[in-house]
Amino acid sequence: MEEKNRNHNILIIDDDPGICEFMVDIITSSGHSAVYALTLKTGLEKAGTGSWDIIFLDVRLPDGNGLDAVSKLRNMPFSPEVIILTGQGTADGAAQAIRSGAWDYIAKPLTADAITLPLKHVLEIREARSAGSGHERFQREKIAGDSPELSNCLAAAAEASRNDANVLITGESGTGKELIARAIHDNSRRAKAPFVIVDCAAMPESLVESVLFGHEKGAFTGAVSAREGLIRQANGGTLFLDEVGELSLSHQKRFLRVLQERRLRPVGASREEATDFRLIAATHRDISDMAHRGAFREDLLFRLRGLTIALPNLKSRRGDTQIIAMRAIGKYCERFGVEVKGFYPEFLEALAQYPWPGNVRELIAAVEAAVIHAKDEPLLHPIHLPIHIRADLARRTVGNRSNETSPQKTKNAPSGLSIRFRDHMKTAEKKYLEEVVITAGGSVQKASRLSELSRAQVYRLLKKHKISLR
């Protein structure tokens with residue numbers, strides 16, 4: 001079926017030709033373009049080559065489950081919205097579709113209204129978001145990476161920076177929740193006001209109220225002077241509650257009232273004070289499950305997640321390991337006063353193979369250790385990495401070789417695979433620098449800030465790789 005030149009492009013992936021033709025007629029009569037695919041494989045191929053705004057996706061397809069492909073489709077060029085179609089609608093299926101990133105979930109049999117209404121609403125909201133995103137570029141110099149997984153989070157952070165809604169950031173330890181929170185603050189109207197961090201996991205239970213709300217002189221033994229609480233310090237700015245899941249139920253209750261009323265009473269005070277802050281909370285825990293078990297207040301959870309940003313772990317951020325590592329190499333070489341180090345292909349290969357259970361935080365610490373261990377050596381090698389990482393990589397290498405020597409594995413092994421990564425790594429440093437120069441618009445000063453290298457280091461690398469600023 002040929003695609004017509006219309007306002008918006010719609011892809012339908014469904015194994016029923018009759019349903020597809022019905023939907024195409026409705027969509028094209030609304031002034032848009034529509035094509036369809038009868039299998040998941042064909043649908044994914046079409047999705048990867050077109051500029052789609054919306055993809056209608058069936059759940060049960062001859063060659064797979066549509067729900068398993070939602071994330072992949074959302075990460076296609078132009079980030080199309082996905083609307084799930086199914087002939088057997090269930091509550092669990094609907095919830096799974098939304099958690100997978102789908103826009104909506106439509107049960108069959110289909111009607112014209114069931115198609116046109118979500119179609120109209122999706123396109124209106126996409127256009128509004130597109131128009132709004134052009135007002136101001138989202139600044140995120142300290143957040144490295146350009147994977148689709150991270151890009152989706154940055155888009156959500158950019159949206160959050162344009163309003164004052166409460167934000168809940170979830171993700172494993174070390175994924176960069178504080179960096180995202182700070183970027184939201186720095187891009188918001190409150191950027192010039194304080195960004196106050198509250199480490200809920202580090203506060204002694206007996207001092208939580210005093211730390212958060214402040215206290216008057218003599219309010220308790222040891223209170224020799226009045227103290228302003230962290231909530232009050234965040235007045236006009238942003239309060240970042242890190243590891244909010246560690247707050248006790250009693251302190252959750254008191255903080256909920258402050259959040260609702262925007263008023264607080266320091267310990268020992270007779271009067272309440274007004275306060276104005278934007279709240280961003282973060283946790284590595286599943287606080288929805290905690291609320292279900294009674295370990296976290298459900299009413300507070302509802303307040304916290306006005307907007308939710310779920311950060312992916314580093315292992316799932318395709319290609320970001322290299323970008324983060326190269327930026328960290330430059331940062332620590334400058335900090336320790338040594339020449340910017342290059343690296344053997346095996347070094348980046350090792351970084352790509354290690355699973356990074358500690359995420360970005362562990363990767364940056366490993367690069368710092370490697371720079372220190374390398375001393376005056378000009379090139380980084382896996383031998384410079386911390387011993388626990390080298391031991392893990394050795395175990396994986398031996399395991400892979402054992403598998404490769406088995407008859408079945410040898411028979412089916414692809415040819416030429418061992419050289420692909422190294423071939424690409426030879427140009428990795430140059431490619432990174434070219435991307436930084438383009439992002440910086442040819443400005444050495446901005447390139448220095450983005451890469452966290454000194455200007456002298458930037459000039460030296462430009463000369464080394466014969467890269468022009470024009």
# chains A, B, ... in the order shown; residues from 1 in each chain; ligands from 1
call {"tool": "closest_atom_pairs", "arguments": {"of": "stretch 59-113 of chain A", "to": "stretch 298-312 of chain A", "cutoff": "12 Å", "atoms": "only C-alpha atoms", "output": "tab-separated table"}}
result
residue	atom	partner	partner_atom	distance
A:Arg99	CA	A:Ala310	CA	10.7
A:Ser100	CA	A:Ala310	CA	11.7
A:Gly101	CA	A:Ala310	CA	11.2
call {"tool": "residues_around", "arguments": {"residues": "A:Ile26", "least_positions_apart": "3", "cutoff": "9 Å", "atoms": "only C-alpha atoms", "output": "list in words"}}
result
Glu21, Phe22, Met23, Ser29, Ser30, Ala112, Ile115 and Thr116 of chain A
call {"tool": "write_last_selection", "arguments": {"atoms": "C-alpha atoms", "output": "short mmCIF file (atom, residue, chain, number, x, y, z; two decimals), in the first residue's frame"}}
result
data_model
loop_
_atom_site.label_atom_id
_atom_site.label_comp_id
_atom_site.auth_asym_id
_atom_site.auth_seq_id
_atom_site.Cartn_x
_atom_site.Cartn_y
_atom_site.Cartn_z
CA GLU A 21 -8.04 -1.54 5.70
CA PHE A 22 -10.80 -0.27 8.00
CA MET A 23 -8.30 1.78 9.99
CA SER A 29 -10.36 10.38 5.68
CA SER A 30 -9.08 12.48 8.61
CA ALA A 112 -14.44 4.79 14.21
CA ILE A 115 -9.61 5.31 16.49
CA THR A 116 -10.22 8.98 15.70
#
call {"tool": "closest_residue", "arguments": {"among": "A:Ser225, A:Met76, A:Leu119, A:Ile324", "to": "A:Thr28", "atoms": "only C-alpha atoms"}}
result
A:Leu119
call {"tool": "residues_around", "arguments": {"residues": "stretch 139-155 of chain A", "least_positions_apart": "5", "cutoff": "7 Å", "atoms": "only C-alpha atoms", "output": "list in words"}}
result
Asn75, Leu179, Ala183, Asn187, Ile309, Leu311, Pro312, Arg317, Arg318, Gly319, Asp320, Ile323, Ile324 and Leu450 of chain A
call {"tool": "write_last_selection", "arguments": {"atoms": "N, CA and C atoms", "output": "mmCIF file, in the first residue's frame"}}
result
data_model
loop_
_atom_site.group_PDB
_atom_site.id
_atom_site.type_symbol
_atom_site.label_atom_id
_atom_site.label_comp_id
_atom_site.auth_asym_id
_atom_site.auth_seq_id
_atom_site.Cartn_x
_atom_site.Cartn_y
_atom_site.Cartn_z
ATOM 1 N N ASN A 75 11.597 4.055 20.689
ATOM 2 C CA ASN A 75 12.955 4.560 20.497
ATOM 3 C C ASN A 75 13.346 4.703 19.033
ATOM 4 N N LEU A 179 21.783 14.257 39.465
ATOM 5 C CA LEU A 179 22.147 15.072 38.301
ATOM 6 C C LEU A 179 20.915 15.499 37.517
ATOM 7 N N ALA A 183 19.566 19.286 37.061
ATOM 8 C CA ALA A 183 19.348 19.830 35.712
ATOM 9 C C ALA A 183 17.944 20.414 35.586
ATOM 10 N N ASN A 187 17.361 24.481 34.873
ATOM 11 C CA ASN A 187 16.637 24.915 33.671
ATOM 12 C C ASN A 187 15.279 25.529 33.985
ATOM 13 N N ILE A 309 10.021 10.213 36.438
ATOM 14 C CA ILE A 309 11.105 9.942 35.494
ATOM 15 C C ILE A 309 11.831 8.698 35.979
ATOM 16 N N LEU A 311 14.879 6.384 35.513
ATOM 17 C CA LEU A 311 16.198 6.354 34.877
ATOM 18 C C LEU A 311 16.620 4.914 34.585
ATOM 19 N N PRO A 312 17.127 4.657 33.388
ATOM 20 C CA PRO A 312 17.590 3.307 33.043
ATOM 21 C C PRO A 312 18.951 3.030 33.669
ATOM 22 N N ARG A 317 21.791 1.374 28.560
ATOM 23 C CA ARG A 317 21.992 2.607 27.796
ATOM 24 C C ARG A 317 23.020 2.361 26.701
ATOM 25 N N ARG A 318 22.535 1.951 25.545
ATOM 26 C CA ARG A 318 23.400 1.517 24.445
ATOM 27 C C ARG A 318 24.359 2.617 23.988
ATOM 28 N N GLY A 319 25.667 2.346 24.121
ATOM 29 C CA GLY A 319 26.680 3.263 23.617
ATOM 30 C C GLY A 319 27.112 4.352 24.584
ATOM 31 N N ASP A 320 26.410 4.532 25.695
ATOM 32 C CA ASP A 320 26.739 5.637 26.606
ATOM 33 C C ASP A 320 27.985 5.376 27.445
ATOM 34 N N ILE A 323 30.996 7.147 25.938
ATOM 35 C CA ILE A 323 30.919 8.604 26.034
ATOM 36 C C ILE A 323 31.233 9.068 27.455
ATOM 37 N N ILE A 324 30.650 8.394 28.437
ATOM 38 C CA ILE A 324 30.877 8.762 29.837
ATOM 39 C C ILE A 324 32.341 8.543 30.209
ATOM 40 N N LEU A 450 31.816 21.587 28.120
ATOM 41 C CA LEU A 450 31.034 20.373 27.878
ATOM 42 C C LEU A 450 31.835 19.109 28.160
#
call {"tool": "atom_distance", "arguments": {"atom1": "atom CA of A:Gly43", "atom2": "atom CA of A:Ser79"}}
result
15.0 Å
call {"tool": "residues_around", "arguments": {"residues": "A:Ala374", "least_positions_apart": "5", "cutoff": "8 Å", "atoms": "only C-alpha atoms", "output": "number ranges by chain"}}
result
A: 379-380, 384
call {"tool": "atom_distance", "arguments": {"atom1": "atom CA of A:Glu377", "atom2": "atom CA of A:Ile389"}}
result
20.2 Å
call {"tool": "closest_residue", "arguments": {"among": "A:Phe56, A:Phe78, A:Phe213, A:Tyr344", "to": "A:Pro266", "atoms": "only C-alpha atoms"}}
result
A:Phe213
call {"tool": "residues_around", "arguments": {"residues": "A:Ser468", "least_positions_apart": "6", "cutoff": "10 Å", "atoms": "only C-alpha atoms", "output": "list of chain:residue names"}}
result
A:Glu434, A:Val437, A:Gly442, A:Leu462
call {"tool": "write_last_selection", "arguments": {"atoms": "N, CA and C atoms", "output": "compact mmCIF listing (two decimals), in the first residue's frame"}}
result
# COMPACT_ATOMS: atom_id res chain seq x y z
N GLU A 434 34.73 15.43 17.67
CA GLU A 434 33.97 16.07 16.60
C GLU A 434 32.55 16.39 17.07
N VAL A 437 32.65 19.41 19.41
CA VAL A 437 32.86 20.65 18.66
C VAL A 437 31.56 21.10 17.99
N GLY A 442 31.50 25.25 17.54
CA GLY A 442 32.82 25.73 17.16
C GLY A 442 33.52 26.55 18.22
N LEU A 462 42.43 18.78 19.21
CA LEU A 462 42.02 19.25 17.89
C LEU A 462 43.18 19.13 16.91
call {"tool": "atom_distance", "arguments": {"atom1": "atom CA of A:Glu261", "atom2": "atom CA of A:Phe195"}}
result
20.6 Å
call {"tool": "select_by_dssp", "arguments": {"residues": "stretch 103-255 of chain A", "states": "strand (DSSP E)", "output": "list in words"}}
result
Asp104, Tyr105, Ile106, Ala107, Val167, Leu168, Ile169, Thr170, Phe195, Val196, Ile197, Val198, Asp199, Gly214, His215, Arg227, Glu228, Thr238, Leu239, Phe240, Leu241 and Asp242 of chain A
call {"tool": "write_last_selection", "arguments": {"atoms": "C-alpha atoms", "output": "PDB file, in the first residue's frame"}}
result
ATOM      1  CA  ASP A 104      -3.199   4.114  25.165  1.00  0.00           C
ATOM      2  CA  TYR A 105      -4.816   0.669  25.033  1.00  0.00           C
ATOM      3  CA  ILE A 106      -7.815   0.033  22.757  1.00  0.00           C
ATOM      4  CA  ALA A 107      -9.863  -3.163  22.894  1.00  0.00           C
ATOM      5  CA  VAL A 167       8.778  15.177  40.339  1.00  0.00           C
ATOM      6  CA  LEU A 168       9.629  11.630  41.412  1.00  0.00           C
ATOM      7  CA  ILE A 169      12.852  10.225  39.944  1.00  0.00           C
ATOM      8  CA  THR A 170      13.337   6.472  40.218  1.00  0.00           C
ATOM      9  CA  PHE A 195      18.910  23.801  45.332  1.00  0.00           C
ATOM     10  CA  VAL A 196      18.828  22.088  48.724  1.00  0.00           C
ATOM     11  CA  ILE A 197      19.638  18.387  49.039  1.00  0.00           C
ATOM     12  CA  VAL A 198      18.127  16.295  51.814  1.00  0.00           C
ATOM     13  CA  ASP A 199      19.722  12.839  52.172  1.00  0.00           C
ATOM     14  CA  GLY A 214      14.417  23.704  61.964  1.00  0.00           C
ATOM     15  CA  HIS A 215      14.155  24.450  65.676  1.00  0.00           C
ATOM     16  CA  ARG A 227      18.471  26.674  63.446  1.00  0.00           C
ATOM     17  CA  GLU A 228      16.812  27.128  60.069  1.00  0.00           C
ATOM     18  CA  THR A 238      14.046  23.448  44.903  1.00  0.00           C
ATOM     19  CA  LEU A 239      14.017  20.879  47.709  1.00  0.00           C
ATOM     20  CA  PHE A 240      15.541  17.559  46.626  1.00  0.00           C
ATOM     21  CA  LEU A 241      14.561  14.631  48.848  1.00  0.00           C
ATOM     22  CA  ASP A 242      17.109  11.943  47.990  1.00  0.00           C
TER      23      ASP A 242
END
call {"tool": "residues_around", "arguments": {"residues": "A:Pro355", "least_positions_apart": "5", "cutoff": "10 Å", "atoms": "only C-alpha atoms", "output": "list of chain:residue names"}}
result
A:Asn313, A:Leu314, A:Lys315, A:Ser316, A:Ala350, A:Leu363, A:Ile389, A:Asp392, A:Leu393
call {"tool": "write_last_selection", "arguments": {"atoms": "C-alpha atoms", "output": "PDB file, in the first residue's frame"}}
result
ATOM      1  CA  ASN A 313      20.604   1.452  34.371  1.00  0.00           C
ATOM      2  CA  LEU A 314      23.891   1.915  32.531  1.00  0.00           C
ATOM      3  CA  LYS A 315      23.825  -1.594  31.096  1.00  0.00           C
ATOM      4  CA  SER A 316      20.700  -0.773  29.070  1.00  0.00           C
ATOM      5  CA  ALA A 350      36.472  -4.079  28.687  1.00  0.00           C
ATOM      6  CA  LEU A 363      32.086   3.593  35.882  1.00  0.00           C
ATOM      7  CA  ILE A 389      36.411  -5.508  37.495  1.00  0.00           C
ATOM      8  CA  ASP A 392      34.859 -10.322  36.597  1.00  0.00           C
ATOM      9  CA  LEU A 393      36.023  -9.736  33.015  1.00  0.00           C
TER      10      LEU A 393
END
call {"tool": "decode", "arguments": {"residues": "stretch 434-446 of chain A", "atoms": "N, CA and C atoms", "output": "tab-separated table (two decimals), in the first residue's frame"}}
result
chain	number	residue	atom	x	y	z
A	434	GLU	N	34.73	15.43	17.67
A	434	GLU	CA	33.97	16.07	16.60
A	434	GLU	C	32.55	16.39	17.07
A	435	GLU	N	31.94	15.47	17.83
A	435	GLU	CA	30.59	15.70	18.34
A	435	GLU	C	30.56	16.85	19.34
A	436	VAL	N	31.59	16.92	20.18
A	436	VAL	CA	31.67	18.01	21.16
A	436	VAL	C	31.80	19.35	20.45
A	437	VAL	N	32.65	19.41	19.41
A	437	VAL	CA	32.86	20.65	18.66
A	437	VAL	C	31.56	21.10	17.99
A	438	ILE	N	30.83	20.14	17.41
A	438	ILE	CA	29.56	20.48	16.76
A	438	ILE	C	28.57	21.00	17.78
A	439	THR	N	28.46	20.30	18.92
A	439	THR	CA	27.53	20.72	19.98
A	439	THR	C	27.89	22.10	20.51
A	440	ALA	N	29.20	22.38	20.58
A	440	ALA	CA	29.68	23.66	21.10
A	440	ALA	C	29.62	24.76	20.06
A	441	GLY	N	29.18	24.44	18.85
A	441	GLY	CA	29.09	25.45	17.81
A	441	GLY	C	30.43	26.04	17.41
A	442	GLY	N	31.50	25.25	17.54
A	442	GLY	CA	32.82	25.73	17.16
A	442	GLY	C	33.52	26.55	18.22
A	443	SER	N	32.92	26.68	19.41
A	443	SER	CA	33.51	27.47	20.49
A	443	SER	C	34.40	26.58	21.37
A	444	VAL	N	35.68	26.92	21.46
A	444	VAL	CA	36.60	26.15	22.30
A	444	VAL	C	36.21	26.28	23.77
A	445	GLN	N	35.76	27.46	24.16
A	445	GLN	CA	35.36	27.68	25.55
A	445	GLN	C	34.20	26.76	25.93
A	446	LYS	N	33.19	26.67	25.06
A	446	LYS	CA	32.05	25.81	25.36
A	446	LYS	C	32.43	24.34	25.25
